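Undergrad: Before I ask anything, here is the structure I am working with.
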Amino acid sequence: MGSRSSWFANFYDENFLQLVENAATQAQAAEEIDFLLSKIKLSDKGRIADIGCGTGRHVLEMAARGLDVWGFDLNPEFIATAILDLPSETTANFVCADMRDALPRDFDLICSFYNSIGFFSDEENQSCLDRWARDLNPKGYLYLDLWNAAPIRAHPRSERSFGLPNGGTAHEQGELSEDARFVDRTYTYRTGVGKPVIRKTRFRLYSQGEIESCLSRAEFSISNQYGAIDGSTFAPDSPRMITIAQID
Ligand SMILES: C[S@@+](CC[C@H](N)C(=O)[O-])C[C@H]1O[C@@H](n2cnc3c(N)ncnc32)[C@H](O)[C@@H]1O
């Protein structure tokens with residue numbers, strides 16, 4: 001990673017997995033894949049990429065449904081966990097890769113679940129979208145599952161503590177950047193053993209207009225936007241902004 005390393009190379013570690021263990025569940029991934037497949041019709045041979053796949057919960061769900069799916073993630077430990085969790089009767093491909101680098105081509109659907117873009121400069125974020133648009137097969141789809149920026153911008157300050165499944169605690173302190181483009185959060189993890197571990201994040205917040213303009217620059221056409229996986233239309237107070245876009 002060298003000089004390209006940044007907060008996202010440290011933040012997504014075993015502490016993060018503890019933080020989201022009860023929020024980012026396998027059962028929820030199953031519901032998300034049911035929703036995705038009800039909205040996007042792929043051919044039998046359609047090939048799918050999950051970029052920023054983490055420990056592979058969505059890849060495992062798609063593979064269990066017999067789909068040809070590839071998971072990509074920066075963290076080699078997450079990729080190793082995903083491979084270990086793959087049932088022996090199921091096939092999927094996992095690759096440890098930085099999403100800013102060229103990925104294999106020949107995909108019909110690129111997915112990004114659980115706020116897994118927006119880690120870099122605006123130029124680098126845009127160039128990921130540009131490349132995905134170029135690399136998708138004709139009529140290929142993008143499924144982009146982001147937080148809705150508006151509720152976070154309305155209540156950006158956070159100061160809260162969580163109990164973790166491993167018996168430790170996490171303390172979160174968050175605030176909006178001066179230009180309101182990012183939410184900056186610091187997490188302090190304590191397990192009772194050793195020193196506290198401090199991790200910082202800086203998420204780019206995308207309004208509906210901003211994501212529309214990034215996708216249009218990449219030459220994607222938005223087909224639908226939802227506010228949640230119940231299929232509700234995206235609204236200013238929706239918890240999420242789930243965008244389905246297509247290459248013309
Ligand atoms: C919010 S987590 C989501 C994980 C997964 N999509 C899920 O829903 O469980 C973001 C993921 O992006 C990965 N990531 C961060 N920076 C990355 C990069 N530069 N290239 C590829 N993956 C990256 C992290 O390792 C992490 O697994």
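Lettering and numbering for the structure tokens are positional, with chains as A, B, ... in the shown order, residues counted from 1 in each chain, and ligands counted from 1 in the shown order.
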So that I can check the surroundings of Arg153 of chain A, please list as a list in words every protein, DNA and RNA residue that reaches within 12 Å of it, counting only C-alpha atoms and ignoring chain neighbours fewer than 2 positions away.

TA: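 That gives Trp147, Asn148, Ala149, Ala150, Pro151, His155, Pro156, Arg157, Ser158, Gly174, Glu175, Leu176, Ser177, Glu178, Asp179, Ala180, Arg181, Phe182, Val183, Asp184, Phe203, Arg204, Leu205, Tyr206, Ser207, Pro236 and Asp237 of chain A.
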
Undergrad: The selected residues should be written to file as a PDB file, in the first residue's frame (atoms: N, CA and C atoms).

TA:
ATOM      1  N   TRP A 147     -25.170   5.212   2.878  1.00  0.00           N
ATOM      2  CA  TRP A 147     -25.971   5.941   3.858  1.00  0.00           C
ATOM      3  C   TRP A 147     -26.622   7.117   3.135  1.00  0.00           C
ATOM      4  N   ASN A 148     -27.775   7.537   3.606  1.00  0.00           N
ATOM      5  CA  ASN A 148     -28.327   8.802   3.147  1.00  0.00           C
ATOM      6  C   ASN A 148     -27.636   9.927   3.920  1.00  0.00           C
ATOM      7  N   ALA A 149     -27.052  10.861   3.205  1.00  0.00           N
ATOM      8  CA  ALA A 149     -26.259  11.922   3.853  1.00  0.00           C
ATOM      9  C   ALA A 149     -27.114  12.861   4.709  1.00  0.00           C
ATOM     10  N   ALA A 150     -28.364  13.132   4.270  1.00  0.00           N
ATOM     11  CA  ALA A 150     -29.129  14.218   4.902  1.00  0.00           C
ATOM     12  C   ALA A 150     -29.332  14.007   6.411  1.00  0.00           C
ATOM     13  N   PRO A 151     -29.782  12.837   6.881  1.00  0.00           N
ATOM     14  CA  PRO A 151     -29.973  12.692   8.330  1.00  0.00           C
ATOM     15  C   PRO A 151     -28.660  12.827   9.109  1.00  0.00           C
ATOM     16  N   HIS A 155     -27.763  15.746  11.964  1.00  0.00           N
ATOM     17  CA  HIS A 155     -27.358  15.399  13.351  1.00  0.00           C
ATOM     18  C   HIS A 155     -25.962  14.790  13.321  1.00  0.00           C
ATOM     19  N   PRO A 156     -24.964  15.587  12.976  1.00  0.00           N
ATOM     20  CA  PRO A 156     -23.644  15.015  12.721  1.00  0.00           C
ATOM     21  C   PRO A 156     -22.858  14.634  13.971  1.00  0.00           C
ATOM     22  N   ARG A 157     -23.159  15.310  15.092  1.00  0.00           N
ATOM     23  CA  ARG A 157     -22.336  15.067  16.274  1.00  0.00           C
ATOM     24  C   ARG A 157     -22.788  13.793  16.961  1.00  0.00           C
ATOM     25  N   SER A 158     -21.834  12.903  17.234  1.00  0.00           N
ATOM     26  CA  SER A 158     -22.209  11.710  17.982  1.00  0.00           C
ATOM     27  C   SER A 158     -21.228  11.515  19.126  1.00  0.00           C
ATOM     28  N   GLY A 174     -18.204  11.614  16.916  1.00  0.00           N
ATOM     29  CA  GLY A 174     -18.267  11.976  15.508  1.00  0.00           C
ATOM     30  C   GLY A 174     -18.642  13.428  15.304  1.00  0.00           C
ATOM     31  N   GLU A 175     -18.176  13.994  14.192  1.00  0.00           N
ATOM     32  CA  GLU A 175     -18.588  15.359  13.836  1.00  0.00           C
ATOM     33  C   GLU A 175     -18.458  15.555  12.331  1.00  0.00           C
ATOM     34  N   LEU A 176     -19.153  16.594  11.856  1.00  0.00           N
ATOM     35  CA  LEU A 176     -19.124  16.906  10.431  1.00  0.00           C
ATOM     36  C   LEU A 176     -17.878  17.727  10.121  1.00  0.00           C
ATOM     37  N   SER A 177     -17.281  17.493   8.947  1.00  0.00           N
ATOM     38  CA  SER A 177     -16.156  18.343   8.548  1.00  0.00           C
ATOM     39  C   SER A 177     -16.688  19.748   8.265  1.00  0.00           C
ATOM     40  N   GLU A 178     -15.787  20.740   8.241  1.00  0.00           N
ATOM     41  CA  GLU A 178     -16.238  22.128   8.071  1.00  0.00           C
ATOM     42  C   GLU A 178     -17.031  22.336   6.792  1.00  0.00           C
ATOM     43  N   ASP A 179     -16.615  21.634   5.726  1.00  0.00           N
ATOM     44  CA  ASP A 179     -17.315  21.814   4.449  1.00  0.00           C
ATOM     45  C   ASP A 179     -18.522  20.885   4.307  1.00  0.00           C
ATOM     46  N   ALA A 180     -18.833  20.110   5.357  1.00  0.00           N
ATOM     47  CA  ALA A 180     -20.007  19.214   5.404  1.00  0.00           C
ATOM     48  C   ALA A 180     -19.937  18.071   4.392  1.00  0.00           C
ATOM     49  N   ARG A 181     -18.755  17.866   3.808  1.00  0.00           N
ATOM     50  CA  ARG A 181     -18.658  16.762   2.842  1.00  0.00           C
ATOM     51  C   ARG A 181     -18.358  15.427   3.518  1.00  0.00           C
ATOM     52  N   PHE A 182     -17.811  15.484   4.741  1.00  0.00           N
ATOM     53  CA  PHE A 182     -17.381  14.259   5.423  1.00  0.00           C
ATOM     54  C   PHE A 182     -17.955  14.192   6.827  1.00  0.00           C
ATOM     55  N   VAL A 183     -18.133  12.956   7.313  1.00  0.00           N
ATOM     56  CA  VAL A 183     -18.331  12.800   8.750  1.00  0.00           C
ATOM     57  C   VAL A 183     -17.051  12.136   9.271  1.00  0.00           C
ATOM     58  N   ASP A 184     -16.477  12.756  10.290  1.00  0.00           N
ATOM     59  CA  ASP A 184     -15.239  12.253  10.895  1.00  0.00           C
ATOM     60  C   ASP A 184     -15.590  11.577  12.214  1.00  0.00           C
ATOM     61  N   PHE A 203     -15.702   9.450   6.395  1.00  0.00           N
ATOM     62  CA  PHE A 203     -16.599   9.022   5.323  1.00  0.00           C
ATOM     63  C   PHE A 203     -17.071  10.204   4.508  1.00  0.00           C
ATOM     64  N   ARG A 204     -17.010  10.077   3.210  1.00  0.00           N
ATOM     65  CA  ARG A 204     -17.612  11.063   2.305  1.00  0.00           C
ATOM     66  C   ARG A 204     -19.119  10.876   2.354  1.00  0.00           C
ATOM     67  N   LEU A 205     -19.841  11.964   2.581  1.00  0.00           N
ATOM     68  CA  LEU A 205     -21.306  11.904   2.567  1.00  0.00           C
ATOM     69  C   LEU A 205     -21.777  12.337   1.184  1.00  0.00           C
ATOM     70  N   TYR A 206     -22.634  11.552   0.572  1.00  0.00           N
ATOM     71  CA  TYR A 206     -23.152  11.888  -0.759  1.00  0.00           C
ATOM     72  C   TYR A 206     -24.634  12.217  -0.668  1.00  0.00           C
ATOM     73  N   SER A 207     -24.991  13.411  -1.106  1.00  0.00           N
ATOM     74  CA  SER A 207     -26.414  13.727  -1.246  1.00  0.00           C
ATOM     75  C   SER A 207     -26.907  13.045  -2.521  1.00  0.00           C
ATOM     76  N   PRO A 236     -35.944  12.300   1.489  1.00  0.00           N
ATOM     77  CA  PRO A 236     -34.888  13.019   2.213  1.00  0.00           C
ATOM     78  C   PRO A 236     -34.536  12.403   3.570  1.00  0.00           C
ATOM     79  N   ASP A 237     -35.525  11.768   4.232  1.00  0.00           N
ATOM     80  CA  ASP A 237     -35.217  11.207   5.552  1.00  0.00           C
ATOM     81  C   ASP A 237     -34.995   9.692   5.531  1.00  0.00           C
TER      82      ASP A 237
END

Undergrad: Please identify all polymer residues within 6 Å of segment 12-29 of chain A, counting only C-alpha atoms, omitting same-chain residues fewer than 6 positions from it, and present them as a list in words.

TA: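 Near segment 12-29 of chain A, the qualifying residues are Arg57, His58 and Leu164 of chain A.
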
Undergrad: Next, write the just-selected residues to a file, as a PDB file, in the first residue's frame, keeping N, CA and C atoms as the atom set.

TA:
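Output saved as selection_16.pdb:
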ATOM      1  N   ARG A  57     -20.089 -11.597   3.381  1.00  0.00           N
ATOM      2  CA  ARG A  57     -21.446 -12.092   3.691  1.00  0.00           C
ATOM      3  C   ARG A  57     -22.368 -12.022   2.481  1.00  0.00           C
ATOM      4  N   HIS A  58     -22.257 -10.989   1.651  1.00  0.00           N
ATOM      5  CA  HIS A  58     -23.135 -10.935   0.468  1.00  0.00           C
ATOM      6  C   HIS A  58     -22.669 -11.914  -0.621  1.00  0.00           C
ATOM      7  N   LEU A 164     -19.508  -4.558  23.195  1.00  0.00           N
ATOM      8  CA  LEU A 164     -19.140  -5.389  22.046  1.00  0.00           C
ATOM      9  C   LEU A 164     -19.354  -6.871  22.364  1.00  0.00           C
TER      10      LEU A 164
END

Undergrad: Ligand 1: which residues are within 7 Å, counting only C-alpha atoms and all ligand atoms? Reply as a count of residues only.

TA: 27

Undergrad: Tell me, as a PyMOL selection string, which residues lie within 12 Å of Arg47 of chain A, counting only C-alpha atoms; anything in the same chain fewer than 5 positions away does not count.

TA: chain A and resi 41-42+59+62-63+66-71+92-93+104-111+136-137+140-141

Undergrad: In Å, with one decimal, what is the gap from atom CA of Pro165 of chain A to atom CA of Leu60 of chain A?

TA: 22.5 Å

Undergrad: Write out as a list in words all residues of segment 130-202 of chain A that backbone DSSP assigns to alpha helix (DSSP H).

TA: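 Selecting the alpha helix (DSSP H) positions of segment 130-202 of chain A gives Asp130, Arg131, Trp132, Ala133, Arg134, Asp135, Ala149, Ala150, Pro151, Ile152, Arg153 and Ala154 of chain A.
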
Undergrad: Quick one: residues within 12 Å of Glu123 of chain A, only C-alpha atoms, excluding same-chain residues fewer than 3 positions away - as a list in words?

TA: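 The contact residues come out as Arg100, Gly118, Phe119, Phe120, Gln126, Ser127, Cys128, Leu129, Asp130, Cys214, Arg217 and Ala218 of chain A.
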
Undergrad: Give me a file of those residues, with N, CA and C atoms, as a PDB file, in the first residue's frame.

TA:
ATOM      1  N   ARG A 100      -8.990   0.882  -6.092  1.00  0.00           N
ATOM      2  CA  ARG A 100      -8.485   1.925  -6.990  1.00  0.00           C
ATOM      3  C   ARG A 100      -7.661   1.338  -8.128  1.00  0.00           C
ATOM      4  N   GLY A 118     -16.259   5.960  -1.342  1.00  0.00           N
ATOM      5  CA  GLY A 118     -16.116   7.303  -0.773  1.00  0.00           C
ATOM      6  C   GLY A 118     -14.991   7.402   0.233  1.00  0.00           C
ATOM      7  N   PHE A 119     -14.003   6.516   0.137  1.00  0.00           N
ATOM      8  CA  PHE A 119     -12.900   6.508   1.105  1.00  0.00           C
ATOM      9  C   PHE A 119     -11.758   7.445   0.704  1.00  0.00           C
ATOM     10  N   PHE A 120     -11.746   7.876  -0.559  1.00  0.00           N
ATOM     11  CA  PHE A 120     -10.548   8.530  -1.103  1.00  0.00           C
ATOM     12  C   PHE A 120     -10.843   9.996  -1.423  1.00  0.00           C
ATOM     13  N   GLN A 126     -14.198   9.203  -7.950  1.00  0.00           N
ATOM     14  CA  GLN A 126     -14.805   9.292  -9.284  1.00  0.00           C
ATOM     15  C   GLN A 126     -14.130   8.315 -10.250  1.00  0.00           C
ATOM     16  N   SER A 127     -12.805   8.195 -10.126  1.00  0.00           N
ATOM     17  CA  SER A 127     -12.137   7.326 -11.107  1.00  0.00           C
ATOM     18  C   SER A 127     -12.494   5.859 -10.867  1.00  0.00           C
ATOM     19  N   CYS A 128     -12.849   5.478  -9.623  1.00  0.00           N
ATOM     20  CA  CYS A 128     -13.364   4.107  -9.410  1.00  0.00           C
ATOM     21  C   CYS A 128     -14.663   3.930 -10.197  1.00  0.00           C
ATOM     22  N   LEU A 129     -15.585   4.884 -10.059  1.00  0.00           N
ATOM     23  CA  LEU A 129     -16.874   4.771 -10.766  1.00  0.00           C
ATOM     24  C   LEU A 129     -16.664   4.780 -12.282  1.00  0.00           C
ATOM     25  N   ASP A 130     -15.755   5.650 -12.738  1.00  0.00           N
ATOM     26  CA  ASP A 130     -15.481   5.732 -14.188  1.00  0.00           C
ATOM     27  C   ASP A 130     -15.000   4.379 -14.709  1.00  0.00           C
ATOM     28  N   CYS A 214     -22.030  12.241  -9.890  1.00  0.00           N
ATOM     29  CA  CYS A 214     -20.874  11.333 -10.036  1.00  0.00           C
ATOM     30  C   CYS A 214     -21.207  10.207 -11.015  1.00  0.00           C
ATOM     31  N   ARG A 217     -21.353  11.526 -14.588  1.00  0.00           N
ATOM     32  CA  ARG A 217     -19.997  11.737 -15.135  1.00  0.00           C
ATOM     33  C   ARG A 217     -19.375  10.426 -15.599  1.00  0.00           C
ATOM     34  N   ALA A 218     -19.714   9.330 -14.865  1.00  0.00           N
ATOM     35  CA  ALA A 218     -19.172   8.015 -15.238  1.00  0.00           C
ATOM     36  C   ALA A 218     -19.977   7.371 -16.373  1.00  0.00           C
TER      37      ALA A 218
END

Undergrad: Write down as a ChimeraX atom specification the residues of segment 65-112 of chain A whose backbone DSSP state falls under strand (DSSP E).

TA: /A:68-73,93-96,107-112

Undergrad: Could you tell me how far atom CA of Gly231 of chain A lies from atom CA of Leu146 of chain A, in Å and to one decimal?

TA: 14.7 Å

Undergrad: Choose the residue, out of A:Asp145, A:Asp101, A:Asp122, A:Glu219, that has the smallest atom-to-atom separation from Leu36 of chain A; count only C-alpha atoms.

TA: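 Closest candidate: A:Asp145.
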
Undergrad: Pick the closest to Leu37 of chain A from A:Val95, A:Tyr143, A:Ser6, A:Asn166: which is it, counting only C-alpha atoms?

TA: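 Answer, going by the shortest atom-to-atom distance: A:Tyr143.
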